[in-house]
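Student: Sharing my_file_10.cif here; it has mmCIF, C-alpha atoms and all ligand atoms.
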data_data
loop_
_atom_site.label_atom_id
_atom_site.label_comp_id
_atom_site.auth_asym_id
_atom_site.auth_seq_id
_atom_site.Cartn_x
_atom_site.Cartn_y
_atom_site.Cartn_z
CA MET A 843 -19.17 140.08 -54.88
CA ILE A 844 -17.61 138.41 -51.85
CA THR A 845 -17.45 140.62 -48.76
CA LYS A 846 -16.00 140.18 -45.29
CA GLU A 847 -19.55 140.20 -43.92
CA LYS A 848 -20.55 137.33 -46.20
CA VAL A 849 -17.52 135.30 -45.08
CA LEU A 850 -18.32 135.94 -41.42
CA HIS A 851 -21.97 135.07 -42.01
CA ALA A 852 -20.96 131.76 -43.60
CA LEU A 853 -18.54 130.95 -40.80
CA SER A 854 -21.10 131.85 -38.16
CA HIS A 855 -22.76 128.59 -39.20
CA VAL A 856 -19.73 126.54 -38.19
CA GLU A 857 -19.95 125.26 -34.63
CA GLU A 858 -16.90 124.46 -32.51
CA PRO A 859 -17.97 120.93 -31.59
CA ASP A 860 -16.58 121.00 -28.04
CA LEU A 861 -17.52 124.54 -27.08
CA LYS A 862 -20.95 124.35 -28.75
CA LYS A 863 -20.80 127.90 -30.11
CA ASP A 864 -20.02 129.16 -33.58
CA LEU A 865 -16.52 130.22 -34.62
CA VAL A 866 -17.47 133.88 -35.08
CA THR A 867 -19.09 134.22 -31.65
CA LEU A 868 -16.00 132.57 -30.16
CA ASN A 869 -13.73 135.12 -31.93
CA MET A 870 -11.90 132.30 -33.62
CA ILE A 871 -11.77 133.93 -37.08
CA GLU A 872 -9.14 136.51 -37.94
CA ASP A 873 -7.32 138.05 -40.91
CA ILE A 874 -9.98 137.67 -43.59
CA VAL A 875 -8.52 138.64 -46.95
CA ILE A 876 -10.60 138.68 -50.12
CA GLU A 877 -8.97 138.95 -53.54
CA GLY A 878 -11.51 138.48 -56.30
CA ASN A 879 -12.71 134.91 -55.99
CA HIS A 880 -10.07 133.94 -53.44
CA VAL A 881 -10.77 134.01 -49.70
CA THR A 882 -8.11 133.54 -47.03
CA PHE A 883 -8.73 133.54 -43.28
CA THR A 884 -7.20 132.25 -40.07
CA VAL A 885 -8.92 130.02 -37.53
CA ILE A 886 -7.54 130.47 -34.01
CA LEU A 887 -7.92 127.18 -32.15
CA THR A 888 -7.80 126.84 -28.35
CA THR A 889 -4.79 124.52 -28.55
CA PRO A 890 -2.28 123.48 -31.22
CA ALA A 891 -3.06 119.89 -30.20
CA CYS A 892 -6.73 120.21 -31.18
CA PRO A 893 -7.95 116.80 -32.36
CA LEU A 894 -10.78 118.49 -34.28
CA LYS A 895 -8.50 120.60 -36.49
CA ASP A 896 -9.31 118.82 -39.78
CA LEU A 897 -13.00 118.61 -38.99
CA ILE A 898 -13.21 122.35 -38.29
CA GLU A 899 -11.25 123.22 -41.43
CA ASN A 900 -13.57 121.08 -43.59
CA ALA A 901 -16.63 122.60 -41.95
CA CYS A 902 -15.30 126.09 -42.80
CA ARG A 903 -14.75 125.13 -46.44
CA ASN A 904 -18.22 123.61 -46.67
CA ALA A 905 -19.82 126.69 -45.12
CA ILE A 906 -18.14 129.01 -47.66
CA ALA A 907 -19.17 126.71 -50.50
CA HIS A 908 -22.75 126.49 -49.22
CA PHE A 909 -23.43 130.09 -48.13
CA ILE A 910 -21.34 131.94 -50.73
CA SER A 911 -20.45 129.72 -53.68
CA PRO A 912 -18.79 126.37 -54.37
CA ASP A 913 -16.55 128.21 -56.84
CA VAL A 914 -14.77 130.31 -54.20
CA LYS A 915 -11.13 129.37 -53.72
CA VAL A 916 -10.59 129.02 -49.96
CA ASP A 917 -7.32 129.05 -48.01
CA VAL A 918 -7.72 128.30 -44.31
CA LYS A 919 -4.80 128.90 -41.97
CA MET A 920 -5.09 127.01 -38.72
CA THR A 921 -3.26 128.44 -35.75
CA SER A 922 -3.87 128.55 -31.99
CA ARG A 923 -3.90 130.68 -28.90
CA VAL A 924 -3.86 128.37 -25.90
CA THR A 925 -6.58 129.27 -23.43
CA THR A 926 -5.67 129.82 -19.79
CA GLN A 927 -7.04 127.95 -16.81
CA LYS A 928 -9.17 129.71 -14.23
CA ASN A 929 -7.31 131.09 -11.20
CA GLN A 930 -4.05 131.01 -13.14
CA PRO A 931 -1.49 130.42 -10.38
CA LEU A 932 1.74 131.59 -12.00
CA HIS A 933 1.35 134.41 -14.47
CA ASN A 934 3.53 132.94 -17.21
CA ILE A 935 2.10 129.42 -17.04
CA SER A 936 -1.27 129.05 -18.75
CA ASN A 937 -2.25 125.56 -17.64
CA ILE A 938 -1.00 123.12 -15.01
CA ILE A 939 -1.88 119.51 -15.75
CA VAL A 940 -1.18 116.97 -13.01
CA VAL A 941 -0.75 113.29 -13.82
CA ALA A 942 -1.67 110.96 -10.98
CA SER A 943 -2.26 107.31 -10.22
CA GLY A 944 -3.68 105.41 -7.29
CA LYS A 945 -0.89 102.85 -7.43
CA GLY A 946 2.82 102.96 -8.19
CA GLY A 947 4.28 101.42 -11.31
CA VAL A 948 1.22 101.78 -13.53
CA GLY A 949 3.07 103.95 -16.04
CA LYS A 950 2.34 107.44 -14.72
CA SER A 951 5.79 108.80 -15.65
CA THR A 952 5.63 107.15 -19.06
CA VAL A 953 2.26 108.77 -19.71
CA SER A 954 3.42 112.17 -18.33
CA SER A 955 6.53 112.18 -20.54
CA ASN A 956 4.70 111.19 -23.68
CA ILE A 957 1.84 113.66 -23.10
CA ALA A 958 4.32 116.50 -22.50
CA LEU A 959 6.30 115.64 -25.63
CA GLY A 960 3.11 115.11 -27.65
CA LEU A 961 1.88 118.62 -26.80
CA ALA A 962 5.30 120.06 -27.67
CA LYS A 963 5.34 118.14 -30.96
CA LYS A 964 2.10 119.91 -31.85
CA GLY A 965 3.77 123.26 -31.25
CA ALA A 966 2.87 124.05 -27.64
CA LYS A 967 5.35 125.49 -25.13
CA VAL A 968 5.66 122.78 -22.53
CA GLY A 969 7.31 122.20 -19.17
CA LEU A 970 7.46 118.99 -17.16
CA ILE A 971 7.94 118.67 -13.40
CA ASP A 972 8.80 115.31 -11.93
CA ALA A 973 7.36 115.62 -8.44
CA ASP A 974 7.59 111.90 -7.71
CA ILE A 975 9.74 112.10 -4.59
CA TYR A 976 9.59 108.33 -4.06
CA GLY A 977 10.97 107.35 -7.46
CA PRO A 978 11.77 110.20 -9.80
CA SER A 979 12.08 108.49 -13.17
CA ILE A 980 11.84 111.41 -15.61
CA PRO A 981 15.66 111.95 -15.67
CA ILE A 982 16.10 108.37 -16.97
CA MET A 983 13.22 108.69 -19.44
CA PHE A 984 14.83 111.81 -20.92
CA GLY A 985 18.41 110.54 -20.71
CA VAL A 986 19.48 113.37 -18.38
CA GLU A 987 20.32 111.45 -15.19
CA ASP A 988 23.48 113.46 -14.64
CA ALA A 989 22.01 116.86 -15.33
CA LYS A 990 22.60 119.50 -12.70
CA PRO A 991 20.29 122.45 -13.24
CA GLU A 992 22.03 125.78 -12.75
CA ALA A 993 20.86 128.21 -10.10
CA ILE A 994 21.31 131.74 -11.37
CA PRO A 995 21.29 134.65 -8.90
CA THR A 996 18.73 137.37 -9.62
CA PRO A 997 19.24 141.11 -9.04
CA GLU A 998 16.76 140.80 -6.13
CA GLY A 999 19.14 138.49 -4.34
CA LYS A 1000 17.20 135.27 -5.01
CA THR A 1001 18.20 132.34 -7.16
CA ARG A 1002 16.34 131.01 -10.18
CA ILE A 1003 16.71 127.37 -11.13
CA GLN A 1004 17.19 126.86 -14.86
CA PRO A 1005 15.12 123.91 -16.12
CA ILE A 1006 16.92 121.41 -18.31
CA GLU A 1007 15.86 121.59 -21.96
CA LYS A 1008 15.45 118.33 -23.83
CA TYR A 1009 13.48 117.36 -26.93
CA GLY A 1010 11.90 120.81 -27.06
CA ILE A 1011 10.52 120.91 -23.51
CA LYS A 1012 11.79 122.28 -20.21
CA LEU A 1013 12.04 119.88 -17.34
CA LEU A 1014 12.89 119.70 -13.69
CA SER A 1015 12.92 116.62 -11.52
CA ILE A 1016 13.17 116.28 -7.79
CA GLY A 1017 15.72 113.62 -8.80
CA PHE A 1018 18.17 116.32 -9.99
CA PHE A 1019 18.52 117.48 -6.40
CA THR A 1020 18.84 114.15 -4.63
CA ASP A 1021 21.45 111.43 -4.54
CA PRO A 1022 19.98 108.48 -6.50
CA GLU A 1023 21.76 105.99 -4.20
CA GLN A 1024 20.16 107.39 -1.06
CA PRO A 1025 16.60 106.64 0.03
CA ILE A 1026 14.62 109.84 0.34
CA PRO A 1027 14.19 110.58 4.01
CA TRP A 1028 11.84 113.50 3.39
CA ARG A 1029 8.57 113.51 5.13
CA GLY A 1030 5.47 115.43 4.12
CA PRO A 1031 6.18 119.14 4.61
CA MET A 1032 9.85 118.94 3.58
CA ALA A 1033 9.02 117.12 0.39
CA SER A 1034 6.14 119.47 -0.35
CA ASN A 1035 8.42 122.47 0.09
CA ALA A 1036 10.99 120.99 -2.24
CA VAL A 1037 8.34 120.43 -4.89
CA LYS A 1038 6.97 123.96 -4.40
CA GLN A 1039 10.45 125.29 -5.19
CA LEU A 1040 10.31 123.57 -8.56
CA PHE A 1041 7.27 125.74 -9.34
CA ASN A 1042 8.23 129.01 -7.67
CA ASP A 1043 11.98 129.24 -7.98
CA ALA A 1044 12.43 127.99 -11.53
CA ASP A 1045 12.76 130.07 -14.62
CA TRP A 1046 10.02 128.48 -16.70
CA GLY A 1047 9.50 131.37 -19.11
CA ASP A 1048 6.13 131.33 -20.86
CA LEU A 1049 4.47 127.94 -20.91
CA ASP A 1050 1.19 126.80 -22.47
CA TYR A 1051 1.21 123.63 -20.39
CA LEU A 1052 3.14 122.56 -17.33
CA VAL A 1053 2.73 118.80 -16.86
CA VAL A 1054 3.36 117.52 -13.34
CA ASP A 1055 4.17 113.87 -12.67
CA LEU A 1056 2.87 113.37 -9.12
CA PRO A 1057 3.94 110.65 -6.69
CA PRO A 1058 1.65 107.62 -6.71
CA GLY A 1059 -1.25 107.44 -4.30
CA THR A 1060 -2.79 110.20 -2.30
CA GLY A 1061 -0.69 112.27 0.04
CA ASP A 1062 0.73 115.52 1.25
CA ILE A 1063 2.22 116.58 -2.05
CA HIS A 1064 -1.11 116.18 -3.85
CA ILE A 1065 -2.98 118.16 -1.27
CA THR A 1066 -0.35 120.88 -0.91
CA LEU A 1067 0.01 121.33 -4.65
CA ALA A 1068 -3.70 121.37 -5.35
CA GLN A 1069 -4.25 123.90 -2.60
CA THR A 1070 -1.25 126.10 -3.41
CA TYR A 1071 -1.55 126.10 -7.19
CA PRO A 1072 -4.97 125.76 -8.74
CA VAL A 1073 -4.56 123.26 -11.56
CA ALA A 1074 -6.31 123.03 -14.92
CA GLY A 1075 -7.04 119.37 -14.26
CA ALA A 1076 -5.80 115.90 -13.44
CA VAL A 1077 -5.08 113.00 -15.76
CA ILE A 1078 -5.53 109.70 -13.94
CA VAL A 1079 -3.47 106.71 -15.06
CA THR A 1080 -4.57 103.20 -14.19
CA THR A 1081 -3.96 99.66 -15.32
CA PRO A 1082 -6.82 97.21 -15.76
CA GLN A 1083 -6.16 95.03 -12.69
CA LYS A 1084 -8.78 95.05 -9.97
CA VAL A 1085 -6.22 96.11 -7.35
CA ALA A 1086 -5.07 99.08 -9.43
CA MET A 1087 -8.66 100.14 -10.11
CA ALA A 1088 -9.53 100.08 -6.43
CA ASP A 1089 -6.70 102.54 -5.68
CA THR A 1090 -7.58 104.62 -8.72
CA LYS A 1091 -11.06 105.15 -7.30
CA LYS A 1092 -9.48 106.53 -4.12
CA GLY A 1093 -7.28 108.85 -6.18
CA ILE A 1094 -10.22 110.18 -8.18
CA GLY A 1095 -12.19 110.58 -4.96
CA MET A 1096 -9.40 112.71 -3.52
CA PHE A 1097 -9.35 115.11 -6.46
CA MET A 1098 -13.13 115.40 -6.30
CA MET A 1099 -13.16 116.28 -2.59
CA ASN A 1100 -14.50 119.77 -1.86
CA ALA A 1101 -11.24 120.89 -0.25
CA ILE A 1102 -9.25 119.91 -3.33
CA ASN A 1103 -11.74 120.21 -6.17
CA VAL A 1104 -9.48 119.51 -9.14
CA PRO A 1105 -11.27 118.82 -12.43
CA ILE A 1106 -10.63 115.31 -13.73
CA LEU A 1107 -9.53 115.63 -17.34
CA GLY A 1108 -9.95 111.90 -17.80
CA ILE A 1109 -8.60 108.40 -17.31
CA VAL A 1110 -5.82 106.74 -19.32
CA GLU A 1111 -5.71 102.97 -19.16
CA ASN A 1112 -2.11 101.83 -19.51
CA MET A 1113 -0.97 98.27 -20.17
CA SER A 1114 -4.51 97.56 -21.43
CA TYR A 1115 -3.40 94.49 -23.31
CA PHE A 1116 -0.19 92.82 -24.39
CA THR A 1117 0.88 92.87 -28.02
CA PRO A 1118 4.02 91.04 -29.12
CA ALA A 1119 6.09 93.05 -31.62
CA GLU A 1120 6.11 90.16 -34.09
CA LEU A 1121 2.30 89.67 -33.94
CA PRO A 1122 0.92 93.22 -33.71
CA GLU A 1123 -2.63 92.07 -34.57
CA ASN A 1124 -2.76 89.83 -31.51
CA LYS A 1125 -4.09 91.44 -28.35
CA TYR A 1126 -3.96 89.57 -25.07
CA TYR A 1127 -6.07 91.14 -22.34
CA ILE A 1128 -4.05 89.57 -19.56
CA PHE A 1129 -5.31 91.93 -16.83
CA GLY A 1130 -8.97 92.02 -17.92
CA LYS A 1131 -10.73 94.19 -20.45
CA GLY A 1132 -12.58 97.52 -20.42
CA GLY A 1133 -11.93 98.41 -16.76
CA GLY A 1134 -10.60 101.92 -17.41
CA LYS A 1135 -13.51 102.76 -19.64
CA SER A 1136 -16.12 101.56 -17.17
CA LEU A 1137 -14.38 103.47 -14.37
CA ALA A 1138 -14.58 106.62 -16.48
CA GLU A 1139 -18.28 105.97 -17.03
CA LYS A 1140 -18.84 105.37 -13.32
CA PHE A 1141 -17.29 108.74 -12.40
CA ASP A 1142 -18.72 110.44 -15.48
CA VAL A 1143 -15.29 111.62 -16.65
CA PRO A 1144 -13.73 111.28 -20.14
CA PHE A 1145 -11.88 108.14 -21.15
CA LEU A 1146 -8.67 109.41 -22.75
CA GLY A 1147 -7.53 106.15 -24.33
CA GLU A 1148 -5.84 102.82 -23.84
CA ILE A 1149 -2.15 102.15 -24.27
CA PRO A 1150 -1.07 98.54 -24.75
CA MET A 1151 1.85 96.88 -23.03
CA VAL A 1152 4.53 96.93 -25.70
CA GLN A 1153 8.23 96.31 -25.42
CA SER A 1154 9.10 99.40 -27.45
CA ILE A 1155 7.46 101.64 -24.82
CA SER A 1156 9.64 100.41 -21.98
CA GLU A 1157 12.73 100.22 -24.20
CA ALA A 1158 12.18 103.81 -25.31
CA GLY A 1159 11.59 105.01 -21.75
CA ASP A 1160 14.57 103.17 -20.33
CA GLY A 1161 16.66 104.35 -23.28
CA GLY A 1162 16.00 108.01 -22.54
CA GLU A 1163 13.88 108.73 -25.63
CA PRO A 1164 10.14 108.38 -24.98
CA VAL A 1165 8.37 106.43 -27.69
CA ILE A 1166 6.39 109.41 -29.02
CA LEU A 1167 9.64 110.69 -30.49
CA GLN A 1168 9.62 107.72 -32.93
CA ASP A 1169 7.48 108.90 -35.83
CA ASN A 1170 6.90 105.50 -37.36
CA ASN A 1171 5.90 103.69 -34.15
CA PRO A 1172 2.14 103.00 -33.72
CA MET A 1173 2.57 103.71 -30.00
CA SER A 1174 3.57 107.22 -30.91
CA VAL A 1175 0.12 107.66 -32.49
CA ALA A 1176 -1.57 106.11 -29.44
CA PHE A 1177 0.14 108.57 -27.09
CA MET A 1178 -0.48 111.51 -29.43
CA ASN A 1179 -4.21 110.72 -29.36
CA VAL A 1180 -4.09 110.82 -25.55
CA ALA A 1181 -2.14 114.12 -25.57
CA GLU A 1182 -4.68 115.68 -27.94
CA ARG A 1183 -7.59 114.55 -25.80
CA VAL A 1184 -5.92 116.01 -22.71
CA ALA A 1185 -5.45 119.38 -24.47
CA GLN A 1186 -9.04 119.19 -25.67
CA GLN A 1187 -10.35 118.61 -22.14
CA VAL A 1188 -8.27 121.49 -20.77
CA ALA A 1189 -9.80 123.79 -23.40
CA ILE A 1190 -13.31 122.56 -22.58
CA HIS A 1191 -12.78 123.20 -18.85
CA ASN A 1192 -11.28 126.64 -19.53
CA ALA A 1193 -14.35 127.59 -21.54
CA LYS A 1194 -16.80 126.70 -18.77
CA PRO A 1195 -18.30 129.50 -16.69
CA ALA A 1196 -16.35 130.12 -13.48
CA SER A 1197 -18.88 128.46 -11.20
CA VAL A 1198 -18.87 125.10 -13.06
N1 LIG A 1201 2.51 100.55 -21.90
C1 LIG A 1201 3.68 100.09 -21.47
N2 LIG A 1201 4.29 99.06 -22.10
C2 LIG A 1201 5.48 98.58 -21.68
N3 LIG A 1201 6.14 99.06 -20.62
C3 LIG A 1201 5.60 100.08 -19.96
C4 LIG A 1201 4.36 100.66 -20.35
N4 LIG A 1201 4.08 101.68 -19.49
C5 LIG A 1201 5.09 101.73 -18.63
N5 LIG A 1201 6.00 100.78 -18.89
C6 LIG A 1201 7.24 100.51 -18.15
O1 LIG A 1201 6.88 100.18 -16.81
C7 LIG A 1201 7.82 100.74 -15.90
C8 LIG A 1201 7.09 101.66 -14.92
O2 LIG A 1201 6.58 102.76 -15.63
P1 LIG A 1201 6.56 104.23 -15.02
O3 LIG A 1201 7.85 104.55 -14.37
O4 LIG A 1201 6.05 105.12 -16.09
O5 LIG A 1201 5.44 104.02 -13.91
P2 LIG A 1201 5.03 104.96 -12.71
O6 LIG A 1201 3.61 104.70 -12.47
O7 LIG A 1201 5.44 106.35 -12.99
O8 LIG A 1201 5.92 104.37 -11.56
P3 LIG A 1201 6.23 105.02 -10.11
O9 LIG A 1201 5.10 104.63 -9.26
O10 LIG A 1201 7.51 104.35 -9.72
O11 LIG A 1201 6.37 106.48 -10.29
C9 LIG A 1201 8.86 101.48 -16.75
O12 LIG A 1201 9.95 100.64 -16.95
C10 LIG A 1201 8.15 101.74 -18.05
O13 LIG A 1201 9.03 101.80 -19.15
#
Show me, as C-alpha cells, the structure contained in the file I just sent.
Tutor:
Amino acid sequence: MITKEKVLHALSHVEEPDLKKDLVTLNMIEDIVIEGNHVTFTVILTTPACPLKDLIENACRNAIAHFISPDVKVDVKMTSRVTTQKNQPLHNISNIIVVASGKGGVGKSTVSSNIALGLAKKGAKVGLIDADIYGPSIPIMFGVEDAKPEAIPTPEGKTRIQPIEKYGIKLLSIGFFTDPEQPIPWRGPMASNAVKQLFNDADWGDLDYLVVDLPPGTGDIHITLAQTYPVAGAVIVTTPQKVAMADTKKGIGMFMMNAINVPILGIVENMSYFTPAELPENKYYIFGKGGGKSLAEKFDVPFLGEIPMVQSISEAGDGGEPVILQDNNPMSVAFMNVAERVAQQVAIHNAKPASV
C-alpha cells in the first residue's frame, strides 16, 4: 500500500541541485494525495523561473518509481513561492535586482527590460525602475514615452506614484518626470533623492522581483541605492571589447567593496557576436571572443550568458516591444535563459546563511 510516509521517503532522495539539500528537508513538497495507485503532490520551487524545473520533476518521478514502484501513476504539480532576499528593504518587495554596466551603451537597458519581462512571462510579479538619470531609455523600450504616472493622495497626506503597467509588469522611469528635450542638470544628491522616491513613494504592491536599471559607471546613485536598500544582487552587463571590460572590472570592484557589499549574480555578455538575419548560422566575433566568460572566471562569479548583436533586438527595443515578447524569435530564448539564471542565482543567494 502506498502511504504518505513512503512518498516522502522516496522524495527525500531527490536533491535540489542548487541548494544541495533534499526536497523534503527544504519543505518543497506539499499536498500529497494518494488514491489507490495514483499519487499526486506539489513541488514548491524557489522561483517560477527555475531553469531546473523539468530536471526536478523527472527526478521526483524516478524516485517514486525506484523507491515505491514503477507502476505508480504520478502527477507532479510544479508551483513556486519566491524566496526573499536577506535584509528585505521594503516589506512588499521580495527581491531587488540591480542591472549595472561599467560603460554606457553596452545594452544594460535592453538586458534589464528583457530580464524583467522574462521573469513576468514565467509568472513572477515584477516591477522595473529605470534609474538611468543620464539616458532613461525604458519609456522608449516599452512604448510609453508619453506616460505620466498619476500621483494619488493618501489618507496620511502623502502622495503615492502609480507605476505604469505594460506587458504584465509595473514600471517607473526617471524619464517620466523629466523633459526629454532638456539635459538633466541634476547632480549627485538631487538625482539620488529622485531615484529614492521611485522606491519609497510608489505604489508597487507585492513584487517578487524589482529590477533596477542603473546609470552606467560607478557613482552616487549606485552607492546611495546600495546603502539605502540592501539588494538581492547585481547583474553586470558588458560587451566583449577590451575598453568595456576594463570599465566592467571597476564596476564589479565597486559592488564588491566592503562598504557596498552587493552580491554579484553574474555577468551577461551582450553583443557577443554579430549574426545577420539571413545567415543565422554565421557568427562573427567582431569584438573578440570569450571575454565575458573569462571575466566571470576571474572574479569567480556566474556567467549568465551571451546575447548576440542582432537587428531584431534593437528593432524590438526601439519599437517599444522588447524582443522577449516575440515567442518565435531565438533571441527571446536567449534572454529567457539569462532571466532564468538570474532568478536561480537570487534563490541560491537567498538560501545562503546570513553571514555568507
Ligand atoms: N544585442 C543587441 N543587438 C542589437 N542591438 C542591441 C543589442 N543590445 C542593445 N542594442 C541596442 O543598442 C542600443 C543601446 O542599448 P541600451 O540602451 O540597452 O544600452 P545601455 O547600456 O542601457 O545604454 P545607456 O548607457 O545609454 O543607458 C539600443 O538601441 C539597443 O536597442
Student: Within 7 Å of ligand LIG 1201 (chain A) (counting all atoms listed in the file), which residues show up? I'd like them as a PDB file with C-alpha atoms, keeping the file's coordinate frame.
Tutor:
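The file below, part_2.pdb, is the result:
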ATOM      1  CA  SER A 943      -2.260 107.310 -10.220  1.00  0.00           C
ATOM      2  CA  LYS A 945      -0.890 102.850  -7.430  1.00  0.00           C
ATOM      3  CA  GLY A 946       2.820 102.960  -8.190  1.00  0.00           C
ATOM      4  CA  GLY A 947       4.280 101.420 -11.310  1.00  0.00           C
ATOM      5  CA  VAL A 948       1.220 101.780 -13.530  1.00  0.00           C
ATOM      6  CA  GLY A 949       3.070 103.950 -16.040  1.00  0.00           C
ATOM      7  CA  LYS A 950       2.340 107.440 -14.720  1.00  0.00           C
ATOM      8  CA  SER A 951       5.790 108.800 -15.650  1.00  0.00           C
ATOM      9  CA  THR A 952       5.630 107.150 -19.060  1.00  0.00           C
ATOM     10  CA  VAL A 953       2.260 108.770 -19.710  1.00  0.00           C
ATOM     11  CA  ASP A 974       7.590 111.900  -7.710  1.00  0.00           C
ATOM     12  CA  GLY A 977      10.970 107.350  -7.460  1.00  0.00           C
ATOM     13  CA  PRO A 978      11.770 110.200  -9.800  1.00  0.00           C
ATOM     14  CA  SER A 979      12.080 108.490 -13.170  1.00  0.00           C
ATOM     15  CA  PRO A1057       3.940 110.650  -6.690  1.00  0.00           C
ATOM     16  CA  PRO A1058       1.650 107.620  -6.710  1.00  0.00           C
ATOM     17  CA  ASN A1112      -2.110 101.830 -19.510  1.00  0.00           C
ATOM     18  CA  MET A1113      -0.970  98.270 -20.170  1.00  0.00           C
ATOM     19  CA  ILE A1149      -2.150 102.150 -24.270  1.00  0.00           C
ATOM     20  CA  PRO A1150      -1.070  98.540 -24.750  1.00  0.00           C
ATOM     21  CA  MET A1151       1.850  96.880 -23.030  1.00  0.00           C
ATOM     22  CA  VAL A1152       4.530  96.930 -25.700  1.00  0.00           C
ATOM     23  CA  GLN A1153       8.230  96.310 -25.420  1.00  0.00           C
ATOM     24  CA  SER A1154       9.100  99.400 -27.450  1.00  0.00           C
ATOM     25  CA  ILE A1155       7.460 101.640 -24.820  1.00  0.00           C
ATOM     26  CA  SER A1156       9.640 100.410 -21.980  1.00  0.00           C
ATOM     27  CA  GLU A1157      12.730 100.220 -24.200  1.00  0.00           C
ATOM     28  CA  GLY A1159      11.590 105.010 -21.750  1.00  0.00           C
ATOM     29  CA  ASP A1160      14.570 103.170 -20.330  1.00  0.00           C
TER      30      ASP A1160
END
Student: Skip Ala1193 of chain A itself and residues of its chain fewer than 6 positions away, then list as a PDB file with C-alpha atoms, keeping the file's coordinate frame all residues within 12 Å of it, counting all atoms listed in the file.
Tutor:
ATOM      1  CA  GLU A 858     -16.900 124.460 -32.510  1.00  0.00           C
ATOM      2  CA  ASP A 860     -16.580 121.000 -28.040  1.00  0.00           C
ATOM      3  CA  LEU A 861     -17.520 124.540 -27.080  1.00  0.00           C
ATOM      4  CA  LYS A 862     -20.950 124.350 -28.750  1.00  0.00           C
ATOM      5  CA  LYS A 863     -20.800 127.900 -30.110  1.00  0.00           C
ATOM      6  CA  LEU A 868     -16.000 132.570 -30.160  1.00  0.00           C
ATOM      7  CA  THR A 888      -7.800 126.840 -28.350  1.00  0.00           C
ATOM      8  CA  VAL A 924      -3.860 128.370 -25.900  1.00  0.00           C
ATOM      9  CA  THR A 925      -6.580 129.270 -23.430  1.00  0.00           C
ATOM     10  CA  THR A 926      -5.670 129.820 -19.790  1.00  0.00           C
ATOM     11  CA  GLN A 927      -7.040 127.950 -16.810  1.00  0.00           C
ATOM     12  CA  LYS A 928      -9.170 129.710 -14.230  1.00  0.00           C
ATOM     13  CA  ALA A1074      -6.310 123.030 -14.920  1.00  0.00           C
ATOM     14  CA  GLN A1186      -9.040 119.190 -25.670  1.00  0.00           C
ATOM     15  CA  GLN A1187     -10.350 118.610 -22.140  1.00  0.00           C
TER      16      GLN A1187
END
Student: Please identify all polymer residues within 8 Å of Asp1062 of chain A, counting only C-alpha atoms, omitting same-chain residues fewer than 2 positions from it, and present them as an NGL selection string.
Tutor: :A and (1030-1031 or 1034 or 1060 or 1064-1066)
Student: What gap, in Å, lies between atom CA of Ile871 of chain A and atom CA of Leu897 of chain A?
Tutor: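 Computing it gives 15.5 Å between the two atoms.
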Student: Using only C-alpha atoms, which residue out of A:His933, A:Lys1084, A:Lys1091, A:Lys1000 lies closest to Trp1046 of chain A?
Tutor: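 Comparing A:His933, A:Lys1084, A:Lys1091, A:Lys1000 against Trp1046 of chain A, the winner is A:His933.
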Student: Would you compute the distance between atom CA of Glu872 of chain A and atom CA of His855 of chain A? Give it in Å to one decimal.
Tutor: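 Straight-line distance from atom CA of Glu872 of chain A to atom CA of His855 of chain A works out to 15.8 Å.
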Student: Would you mind listing what lies within 8 Å of Ile1016 of chain A as an mmCIF file with C-alpha atoms, keeping the file's coordinate frame, with only C-alpha atoms counted and same-chain residues fewer than 4 positions away left out?
Tutor:
data_model
loop_
_atom_site.group_PDB
_atom_site.id
_atom_site.type_symbol
_atom_site.label_atom_id
_atom_site.label_comp_id
_atom_site.auth_asym_id
_atom_site.auth_seq_id
_atom_site.Cartn_x
_atom_site.Cartn_y
_atom_site.Cartn_z
ATOM 1 C CA ASP A 972 8.800 115.310 -11.930
ATOM 2 C CA ALA A 973 7.360 115.620 -8.440
ATOM 3 C CA ASP A 974 7.590 111.900 -7.710
ATOM 4 C CA ILE A 975 9.740 112.100 -4.590
ATOM 5 C CA PRO A 978 11.770 110.200 -9.800
ATOM 6 C CA THR A 1020 18.840 114.150 -4.630
ATOM 7 C CA ALA A 1036 10.990 120.990 -2.240
ATOM 8 C CA VAL A 1037 8.340 120.430 -4.890
ATOM 9 C CA LEU A 1040 10.310 123.570 -8.560
#
Student: Can you pull out every residue within 8 Å of segment 1183-1185 of chain A, counting only C-alpha atoms, but drop anything in the same chain fewer than 3 positions away, and send it as an mmCIF file with C-alpha atoms, keeping the file's coordinate frame?
Tutor:
data_model
loop_
_atom_site.group_PDB
_atom_site.id
_atom_site.type_symbol
_atom_site.label_atom_id
_atom_site.label_comp_id
_atom_site.auth_asym_id
_atom_site.auth_seq_id
_atom_site.Cartn_x
_atom_site.Cartn_y
_atom_site.Cartn_z
ATOM 1 C CA THR A 889 -4.790 124.520 -28.550
ATOM 2 C CA ALA A 891 -3.060 119.890 -30.200
ATOM 3 C CA CYS A 892 -6.730 120.210 -31.180
ATOM 4 C CA PRO A 893 -7.950 116.800 -32.360
ATOM 5 C CA LEU A 961 1.880 118.620 -26.800
ATOM 6 C CA VAL A 1077 -5.080 113.000 -15.760
ATOM 7 C CA LEU A 1107 -9.530 115.630 -17.340
ATOM 8 C CA GLY A 1108 -9.950 111.900 -17.800
ATOM 9 C CA LEU A 1146 -8.670 109.410 -22.750
ATOM 10 C CA ASN A 1179 -4.210 110.720 -29.360
ATOM 11 C CA VAL A 1180 -4.090 110.820 -25.550
ATOM 12 C CA VAL A 1188 -8.270 121.490 -20.770
ATOM 13 C CA ALA A 1189 -9.800 123.790 -23.400
#
Student: Identify which of the residues A:Pro1005, A:Pro1082, A:Pro1105, A:Pro912 lies closest to Gly1132 of chain A, counting all atoms listed in the file when measuring atom-to-atom distances.
Tutor: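 Looking at the shortest contact to Gly1132 of chain A, the residue is A:Pro1082.
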Student: To one decimal in Å, tell me the separation between atom CA of Val1165 of chain A and atom CA of Met1087 of chain A.
Tutor: 25.3 Å
Student: Given the choices A:Val914, A:Val1085, A:Ala1181, A:Val986, which gets closest to Gly1130 of chain A if the distance is worked out from all atoms listed in the file?
Tutor: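 Of A:Val914, A:Val1085, A:Ala1181, A:Val986, the one nearest Gly1130 of chain A, counting all atoms listed in the file, is A:Val1085.
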Student: Within 9 Å of (-14.8, 131.7, -49.3), in the coordinates the file gives, what residues turn up when you count all atoms listed in the file, written out as a ChimeraX atom specification?
Tutor: /A:844,848-849,852,876,879-883,902-903,905-907,909-917
